[in-house]
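**Q** My structure file model03.cif, mmCIF, C-alpha atoms, is below:
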data_final
#
loop_
_atom_site.label_atom_id
_atom_site.label_comp_id
_atom_site.auth_asym_id
_atom_site.auth_seq_id
_atom_site.Cartn_x
_atom_site.Cartn_y
_atom_site.Cartn_z
CA MET A 1 0.00 0.00 0.00
CA SER A 2 1.49 3.29 -1.08
CA LEU A 3 1.20 6.68 0.57
CA ARG A 4 -1.39 7.74 -2.00
CA ASP A 5 -3.49 4.69 -1.11
CA ALA A 6 -3.43 5.50 2.59
CA LEU A 7 -4.28 9.16 1.95
CA PHE A 8 -7.06 8.26 -0.45
CA ILE A 9 -8.58 5.75 1.98
CA ALA A 10 -8.52 8.33 4.79
CA ILE A 11 -10.13 11.10 2.70
CA GLY A 12 -12.45 8.72 0.86
CA ILE A 13 -13.94 7.34 4.07
CA ILE A 14 -14.78 10.87 5.21
CA SER A 15 -16.28 11.60 1.79
CA ALA A 16 -18.40 8.44 1.69
CA ALA A 17 -19.60 8.88 5.28
CA SER A 18 -20.58 12.51 4.72
CA ALA A 19 -22.37 11.54 1.49
CA LEU A 20 -24.42 9.00 3.42
CA LEU A 21 -25.14 11.58 6.13
CA ALA A 22 -26.12 14.16 3.49
CA VAL A 23 -28.88 11.89 2.18
CA THR A 24 -30.05 10.53 5.54
CA SER A 25 -29.82 13.56 7.86
CA ARG A 26 -33.15 14.54 9.42
CA SER A 27 -32.33 18.24 9.41
CA VAL A 28 -32.36 19.88 5.99
CA LEU A 29 -29.65 22.35 6.97
CA HIS A 30 -27.38 19.58 8.24
CA ALA A 31 -27.92 17.66 4.98
CA ALA A 32 -26.71 20.66 2.97
CA LEU A 33 -23.71 21.15 5.27
CA TRP A 34 -22.77 17.46 4.98
CA LEU A 35 -22.88 17.97 1.21
CA VAL A 36 -20.24 20.69 1.70
CA VAL A 37 -18.04 18.23 3.60
CA CYS A 38 -18.58 15.52 0.97
CA LEU A 39 -17.75 17.70 -2.04
CA GLY A 40 -14.82 19.34 -0.22
CA THR A 41 -13.26 16.00 0.64
CA LEU A 42 -13.93 14.88 -2.92
CA ALA A 43 -11.74 17.80 -4.02
CA GLY A 44 -9.12 16.33 -1.66
CA CYS A 45 -9.51 12.98 -3.44
CA TYR A 46 -8.85 14.73 -6.76
CA LEU A 47 -5.70 16.23 -5.24
CA VAL A 48 -4.50 12.79 -4.14
CA LEU A 49 -5.14 11.52 -7.67
CA GLY A 50 -2.92 14.33 -8.98
CA ALA A 51 -5.69 16.36 -10.65
CA GLU A 52 -5.01 19.73 -9.06
CA LEU A 53 -6.97 21.75 -11.62
CA ILE A 54 -10.11 19.65 -11.19
CA ALA A 55 -9.76 19.89 -7.42
CA LEU A 56 -9.63 23.68 -7.61
CA VAL A 57 -12.59 23.89 -9.99
CA GLN A 58 -14.52 21.53 -7.73
CA LEU A 59 -13.81 23.69 -4.70
CA LEU A 60 -14.66 26.94 -6.48
CA VAL A 61 -17.80 25.89 -8.34
CA TYR A 62 -19.31 23.20 -6.14
CA VAL A 63 -18.36 24.14 -2.59
CA GLY A 64 -18.31 27.87 -3.30
CA GLY A 65 -21.24 28.21 -5.66
CA VAL A 66 -23.64 25.30 -5.86
CA VAL A 67 -23.84 24.60 -2.14
CA VAL A 68 -24.44 28.28 -1.35
CA ILE A 69 -27.33 28.29 -3.84
CA VAL A 70 -28.71 25.11 -2.24
CA LEU A 71 -28.48 26.69 1.22
CA PHE A 72 -30.26 29.82 -0.02
CA ALA A 73 -33.01 27.72 -1.58
CA LEU A 74 -33.45 25.71 1.60
CA MET A 75 -33.89 28.87 3.61
CA LEU A 76 -36.12 30.61 1.04
CA THR A 77 -38.43 27.60 0.80
CA ARG A 78 -38.79 27.80 4.57
CA ALA A 79 -37.53 24.30 5.30
CA GLY A 80 -35.99 25.03 8.65
CA PRO A 81 -35.00 22.57 11.38
CA ASP A 82 -38.64 22.42 12.48
CA ASP A 83 -39.71 20.99 9.14
CA ALA A 84 -40.30 17.30 9.66
CA ALA A 85 -41.78 16.60 6.23
CA ILE A 86 -38.54 15.53 4.61
CA SER A 87 -38.80 11.79 5.07
CA THR A 88 -40.91 9.29 3.24
CA SER A 89 -42.43 6.27 4.91
CA ARG A 90 -40.27 3.50 6.35
CA ALA A 91 -41.18 1.05 3.56
CA HIS A 92 -40.39 3.66 0.90
CA ARG A 93 -37.00 4.33 2.48
CA GLY A 94 -36.25 0.61 2.79
CA LEU A 95 -37.03 0.06 -0.88
CA ALA A 96 -34.90 3.08 -1.85
CA ALA A 97 -32.02 1.77 0.28
CA MET A 98 -32.26 -1.62 -1.44
CA VAL A 99 -32.12 -0.01 -4.90
CA ALA A 100 -29.21 2.19 -3.80
CA ALA A 101 -27.31 -0.80 -2.35
CA GLY A 102 -27.92 -2.72 -5.57
CA ILE A 103 -26.54 0.16 -7.65
CA THR A 104 -23.50 0.44 -5.37
CA VAL A 105 -22.71 -3.28 -5.52
CA LEU A 106 -23.31 -3.50 -9.28
CA LEU A 107 -21.19 -0.44 -10.08
CA GLY A 108 -18.46 -1.39 -7.60
CA THR A 109 -18.05 -4.98 -8.77
CA ALA A 110 -18.18 -3.99 -12.44
CA LEU A 111 -15.54 -1.27 -12.07
CA VAL A 112 -13.23 -3.27 -9.78
CA ALA A 113 -13.47 -6.26 -12.10
CA LEU A 114 -12.53 -3.91 -14.94
CA VAL A 115 -9.39 -2.45 -13.37
CA GLY A 116 -8.25 -5.21 -11.04
CA TRP A 117 -6.52 -4.78 -7.69
CA GLU A 118 -2.87 -4.22 -8.71
CA GLN A 119 -0.87 -1.05 -8.20
CA VAL A 120 -0.86 1.25 -11.25
CA ASP A 121 1.26 4.36 -11.65
CA VAL A 122 -0.53 7.68 -11.45
CA ALA A 123 0.12 9.18 -14.89
CA GLY A 124 -2.57 11.75 -15.50
CA PRO A 125 -2.18 14.69 -17.87
CA SER A 126 -0.48 17.79 -16.46
CA ASN A 127 -2.36 21.03 -15.95
CA ALA A 128 -0.61 22.52 -18.95
CA ASP A 129 -1.79 19.59 -21.08
CA ILE A 130 -5.37 20.04 -19.87
CA GLY A 131 -5.32 23.77 -20.62
CA ALA A 132 -3.85 23.20 -24.07
CA GLN A 133 -6.42 20.52 -24.85
CA ILE A 134 -9.35 22.66 -23.68
CA PHE A 135 -8.43 25.39 -26.15
CA ASP A 136 -7.49 22.95 -28.90
CA THR A 137 -9.57 19.78 -29.08
CA TRP A 138 -12.43 20.86 -26.82
CA VAL A 139 -12.72 24.52 -27.76
CA TRP A 140 -16.20 24.36 -29.33
CA PRO A 141 -17.85 22.50 -26.42
CA PHE A 142 -16.04 24.91 -24.09
CA GLU A 143 -17.45 27.94 -25.88
CA LEU A 144 -20.91 26.38 -26.01
CA LEU A 145 -20.74 25.95 -22.24
CA SER A 146 -20.51 29.71 -21.81
CA LEU A 147 -23.69 30.01 -23.87
CA LEU A 148 -25.31 27.34 -21.68
CA LEU A 149 -24.37 29.24 -18.52
CA LEU A 150 -25.81 32.47 -19.94
CA LEU A 151 -29.05 30.71 -20.90
CA ALA A 152 -29.27 29.08 -17.46
CA LEU A 153 -28.82 32.48 -15.81
CA ILE A 154 -31.53 34.12 -17.90
CA ALA A 155 -33.89 31.16 -17.51
CA ALA A 156 -33.38 31.05 -13.76
CA ILE A 157 -34.19 34.75 -13.41
CA ALA A 158 -37.24 34.41 -15.68
CA VAL A 159 -38.60 31.38 -13.81
CA ALA A 160 -37.82 32.59 -10.30
CA ARG A 161 -39.42 36.01 -10.72
CA GLY A 162 -42.63 34.31 -11.76
CA ALA A 163 -43.02 35.12 -15.45
CA GLY A 164 -45.57 32.89 -17.07
CA THR A 165 -47.50 31.91 -13.96
CA THR A 166 -51.26 31.78 -13.97
CA GLU A 167 -51.51 35.16 -12.23
CA ASP A 168 -49.97 36.88 -15.23
CA LEU A 169 -52.34 35.17 -17.63
CA GLU A 170 -55.48 36.28 -15.85
CA MET B 1 -1.78 3.53 -6.45
CA ASN B 2 -4.60 1.03 -6.40
CA PRO B 3 -7.12 2.16 -9.07
CA ALA B 4 -9.97 0.21 -7.46
CA LEU B 5 -10.20 2.59 -4.48
CA PRO B 6 -11.49 5.67 -6.38
CA TYR B 7 -13.95 3.49 -8.29
CA LEU B 8 -15.25 2.04 -5.03
CA LEU B 9 -15.70 5.55 -3.61
CA ALA B 10 -17.51 6.59 -6.81
CA SER B 11 -19.90 3.64 -6.52
CA VAL B 12 -20.65 4.51 -2.89
CA LEU B 13 -21.33 8.13 -3.89
CA ALA B 14 -23.60 7.03 -6.73
CA GLY B 15 -25.52 4.71 -4.40
CA ALA B 16 -25.93 7.43 -1.79
CA GLY B 17 -27.12 9.83 -4.48
CA CYS B 18 -29.69 7.33 -5.76
CA TYR B 19 -30.96 6.85 -2.21
CA GLY B 20 -31.26 10.62 -1.85
CA VAL B 21 -33.20 10.95 -5.11
CA LEU B 22 -35.54 8.08 -4.27
CA ALA B 23 -36.16 8.60 -0.57
CA ARG B 24 -36.28 12.37 -0.05
CA ARG B 25 -39.52 14.33 0.03
CA ASN B 26 -38.10 17.84 0.04
CA ALA B 27 -37.26 18.83 -3.54
CA VAL B 28 -34.05 20.64 -2.57
CA LEU B 29 -32.82 17.57 -0.68
CA MET B 30 -33.64 15.44 -3.72
CA LEU B 31 -31.36 17.78 -5.67
CA ILE B 32 -28.53 16.98 -3.22
CA GLY B 33 -28.83 13.35 -4.36
CA VAL B 34 -28.50 14.46 -7.99
CA GLU B 35 -25.36 16.43 -7.07
CA LEU B 36 -23.87 13.32 -5.47
CA ILE B 37 -24.53 11.22 -8.60
CA LEU B 38 -22.85 13.89 -10.75
CA ALA B 39 -19.90 13.97 -8.34
CA ALA B 40 -19.57 10.18 -8.69
CA ALA B 41 -19.55 10.52 -12.48
CA GLY B 42 -16.80 13.13 -12.23
CA LEU B 43 -14.71 10.94 -9.96
CA ILE B 44 -14.99 8.01 -12.39
CA LEU B 45 -13.91 10.24 -15.30
CA VAL B 46 -10.92 11.66 -13.39
CA THR B 47 -9.83 8.21 -12.23
CA SER B 48 -10.00 6.74 -15.72
CA SER B 49 -8.07 9.72 -17.07
CA VAL B 50 -5.38 9.34 -14.39
CA PHE B 51 -4.83 5.62 -14.83
CA ASN B 52 -5.46 5.39 -18.60
CA PRO B 53 -4.13 8.71 -19.94
CA ASP B 54 -5.09 9.70 -23.47
CA PRO B 55 -3.65 12.50 -25.64
CA TYR B 56 -6.82 14.61 -25.43
CA ALA B 57 -7.06 14.65 -21.60
CA SER B 58 -10.70 13.63 -22.08
CA GLY B 59 -11.46 12.59 -18.52
CA MET B 60 -10.22 15.79 -16.94
CA VAL B 61 -11.86 18.10 -19.49
CA LEU B 62 -15.17 16.24 -19.37
CA THR B 63 -15.12 16.40 -15.58
CA MET B 64 -14.81 20.18 -15.79
CA PHE B 65 -17.72 20.18 -18.26
CA ILE B 66 -19.77 18.08 -15.84
CA ILE B 67 -19.05 20.50 -13.00
CA THR B 68 -20.09 23.46 -15.17
CA ILE B 69 -23.26 21.77 -16.41
CA ALA B 70 -24.12 20.77 -12.84
CA ALA B 71 -23.84 24.42 -11.81
CA ALA B 72 -26.21 25.48 -14.62
CA GLU B 73 -28.58 22.64 -13.79
CA VAL B 74 -28.73 23.43 -10.09
CA VAL B 75 -29.46 27.11 -10.79
CA VAL B 76 -32.40 26.30 -13.08
CA ALA B 77 -33.72 23.57 -10.78
CA LEU B 78 -33.69 25.84 -7.76
CA ALA B 79 -35.46 28.57 -9.73
CA VAL B 80 -38.15 26.00 -10.56
CA PHE B 81 -38.40 25.07 -6.88
CA MET B 82 -38.81 28.73 -5.97
CA ALA B 83 -41.67 29.05 -8.47
CA LEU B 84 -43.13 25.82 -7.08
CA TYR B 85 -42.92 27.18 -3.54
CA ARG B 86 -44.71 30.35 -4.56
CA ALA B 87 -47.48 28.43 -6.30
CA ARG B 88 -48.04 25.67 -3.72
CA GLY B 89 -46.51 26.94 -0.45
CA HIS B 90 -44.20 23.96 -0.05
CA VAL B 91 -41.69 21.91 -2.04
CA ASP B 92 -42.91 18.50 -0.89
CA LEU B 93 -42.58 15.95 -3.70
CA LEU B 94 -44.92 13.33 -2.25
CA PRO B 95 -48.41 13.73 -3.74
CA ASP B 96 -51.17 13.83 -1.15
CA ASP B 97 -54.51 15.53 -0.66
CA ARG B 98 -52.97 18.62 0.94
CA ASP B 99 -52.80 20.43 -2.39
CA LEU B 100 -56.46 19.73 -3.04
CA ALA B 101 -57.58 20.69 0.45
CA GLY B 102 -55.52 23.73 1.34
CA GLY B 103 -53.71 25.06 -1.70
CA SER B 104 -56.40 25.01 -4.34
CA SER B 105 -56.60 28.72 -5.13
CA ILE B 106 -53.68 30.43 -6.82
CA ASP B 107 -55.04 33.98 -7.05
CA ASP B 108 -54.31 34.86 -3.38
CA SER B 109 -51.02 33.03 -3.16
CA GLY B 110 -49.63 35.33 -0.47
CA SER B 111 -52.05 34.33 2.25
CA ASN B 112 -52.34 30.84 0.79
CA ASN B 113 -48.65 30.15 1.34
CA THR B 114 -48.74 30.71 5.08
CA GLY B 115 -51.94 28.74 5.42
CA SER B 116 -50.74 25.59 3.71
CA SER B 117 -47.34 25.58 5.40
CA ASP B 118 -49.06 25.99 8.75
CA THR B 119 -51.24 22.98 8.10
CA ARG B 120 -48.17 21.04 7.04
CA ALA B 121 -46.27 21.93 10.22
CA GLY B 122 -49.28 20.88 12.26
CA ALA B 123 -49.82 17.64 10.37
CA ASN B 124 -46.29 16.45 11.05
#
How would this structure read if it were set down as structure tokens?

**A**
Amino acid sequence: MSLRDALFIAIGIISAASALLAVTSRSVLHAALWLVVCLGTLAGCYLVLGAELIALVQLLVYVGGVVVIVLFALMLTRAGPDDAAISTSRAHRGLAAMVAAGITVLLGTALVALVGWEQVDVAGPSNADIGAQIFDTWVWPFELLSLLLLLALIAAIAVARGAGTTEDLE
Amino acid sequence: MNPALPYLLASVLAGAGCYGVLARRNAVLMLIGVELILAAAGLILVTSSVFNPDPYASGMVLTMFIITIAAAEVVVALAVFMALYRARGHVDLLPDDRDLAGGSSIDDSGSNNTGSSDTRAGAN
């Protein structure tokens, strides 16, 4: 077991545990905060894998942006700690847990059977390679993404301020 | 490094995300499950790119695309939830007779909101 393995196991256990807590926590605010821990430690996993650029983007966009929006939405939709209506019935949850366990086992066995259990050298592309490839091979999808972000911004404003609701039609 | 470890973590994240999507009633908490599934997809892409490098750096670049698309998706989804909250007074995904009983009228949504969320707090 190499140093990377030990580091990855340590960070990965925190990430997996906080992911489970994020989907099982009774308090909506705690669930969102566990999501912060999960995505932050996932950025640490990317660092251990040698993908520094992805780790930084993950921290900036996910932990800095997405989770803040989720927290705002939780507070604006008035789902405070007193809100108990976040859980389905026990049978529903049991069935969902069985499906989730099935997906985990299926995905895990398929992927581990694919790559085996031997040590492989970490040989990912460098940050300079990634930057060069983004503006070479992937430049059109990259530019289209900026259009997508602009459209998402405009659509979010239009939907959230209530354009097109039944009040406006009457 | 053992390449099976990141894949195992990704499968656990995907399973947890599926549980969140299937078992949560609050729409925003359901979205947390979607975020976890997308994070698992990103981890699989990064891991495959690290252990099977290709000249186009596909895994890394596609992971950045996934993160960007997830940001756009979460913004639009939360705007939809805000509109849903204004129309119904809650973001509960489980269909029941509360909408028919308390939240039937849309024209006075201001007073209607407080009424239906009060009945919900009392019912639980």

**Q** Could you give me, as a tab-separated table, every chain A residue with an atom at most 7 Å from chain B, plus its closest atom pair and distance in Å to one decimal, counting all atoms listed in the file, rows ordered by chain then number?

**A**
residue	atom	partner	partner_atom	distance
A:Ser2	CA	B:Met1	CA	6.3
A:Arg4	CA	B:Met1	CA	6.1
A:Asp5	CA	B:Met1	CA	5.7
A:Gly12	CA	B:Leu9	CA	6.4
A:Ala16	CA	B:Leu13	CA	6.3
A:Ala19	CA	B:Ala16	CA	6.4
A:Leu20	CA	B:Ala16	CA	5.6
A:Val23	CA	B:Gly20	CA	4.8
A:Ile54	CA	B:Met64	CA	6.6
A:Val66	CA	B:Ala71	CA	6.0
A:Val70	CA	B:Val28	CA	7.0
A:Ala73	CA	B:Leu78	CA	6.5
A:Leu74	CA	B:Val28	CA	6.6
A:Thr77	CA	B:Tyr85	CA	6.3
A:Asp83	CA	B:Ala121	CA	6.7
A:Ala84	CA	B:Asn124	CA	6.2
A:Ala85	CA	B:Asn124	CA	6.6
A:Ile86	CA	B:Arg25	CA	4.8
A:Ser87	CA	B:Arg25	CA	5.7
A:Thr88	CA	B:Ala23	CA	6.1
A:His92	CA	B:Ala23	CA	6.7
A:Arg93	CA	B:Ala23	CA	5.3
A:Ala96	CA	B:Tyr19	CA	5.5
A:Ala97	CA	B:Tyr19	CA	5.8
A:Ala100	CA	B:Gly15	CA	4.5
A:Ala101	CA	B:Gly15	CA	6.1
A:Ile103	CA	B:Gly15	CA	5.7
A:Thr104	CA	B:Gly15	CA	4.8
A:Leu107	CA	B:Ser11	CA	5.6
A:Gly108	CA	B:Ser11	CA	5.3
A:Leu111	CA	B:Tyr7	CA	6.3
A:Val112	CA	B:Ala4	CA	5.3
A:Val115	CA	B:Ala4	CA	6.5
A:Gly116	CA	B:Ala4	CA	6.7
A:Trp117	CA	B:Ala4	CA	6.1
A:Glu118	CA	B:Asn2	CA	6.0
A:Gln119	CA	B:Asn2	CA	4.6
A:Val120	CA	B:Met1	CA	5.4
A:Asp121	CA	B:Met1	CA	6.1
A:Val122	CA	B:Phe51	CA	5.8
A:Ala123	CA	B:Val50	CA	5.5
A:Gly124	CA	B:Val50	CA	3.9
A:Pro125	CA	B:Ala57	CA	6.1
A:Ile130	CA	B:Ala57	CA	5.9
A:Gln133	CA	B:Tyr56	CA	6.0
A:Ile134	CA	B:Val61	CA	6.7
A:Thr137	CA	B:Tyr56	CA	6.9
A:Leu149	CA	B:Ala72	CA	5.7
A:Ala152	CA	B:Ala72	CA	5.5
A:Ala155	CA	B:Val76	CA	6.7
A:Ala156	CA	B:Val76	CA	4.9
A:Val159	CA	B:Ala79	CA	5.9
A:Ala160	CA	B:Ala79	CA	4.7
A:Gly162	CA	B:Ala83	CA	6.3
A:Glu167	CA	B:Asp107	CA	6.4

**Q** Report, in Å to a single decimal, how far apart CA of Gly102 (chain A) and CA of Leu42 (chain A) are.

**A** 22.6 Å

**Q** Tell me which residues the PyMOL selection byres ((chain A and resi 32) around 8) grabs here, as a list in words.

**A**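 That selection, the PyMOL selection byres ((chain A and resi 32) around 8), comes back as Ala22, Val28, Leu29, His30, Ala31, Leu33, Trp34, Leu35, Val36, Val67, Val70 and Leu71 of chain A; Leu29 and Ile32 of chain B.
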
**Q** May I ask for the distance between CA of Ile11 (chain A) and CA of Ala55 (chain A), given in Å to one decimal place?

**A**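 Here the two named atoms are 13.4 Å from each other.
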
**Q** What is the CA of Leu59 (chain A)-CA of Ala43 (chain A) distance in Å, reported with one decimal?

**A**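 These atoms are spaced 6.3 Å apart.
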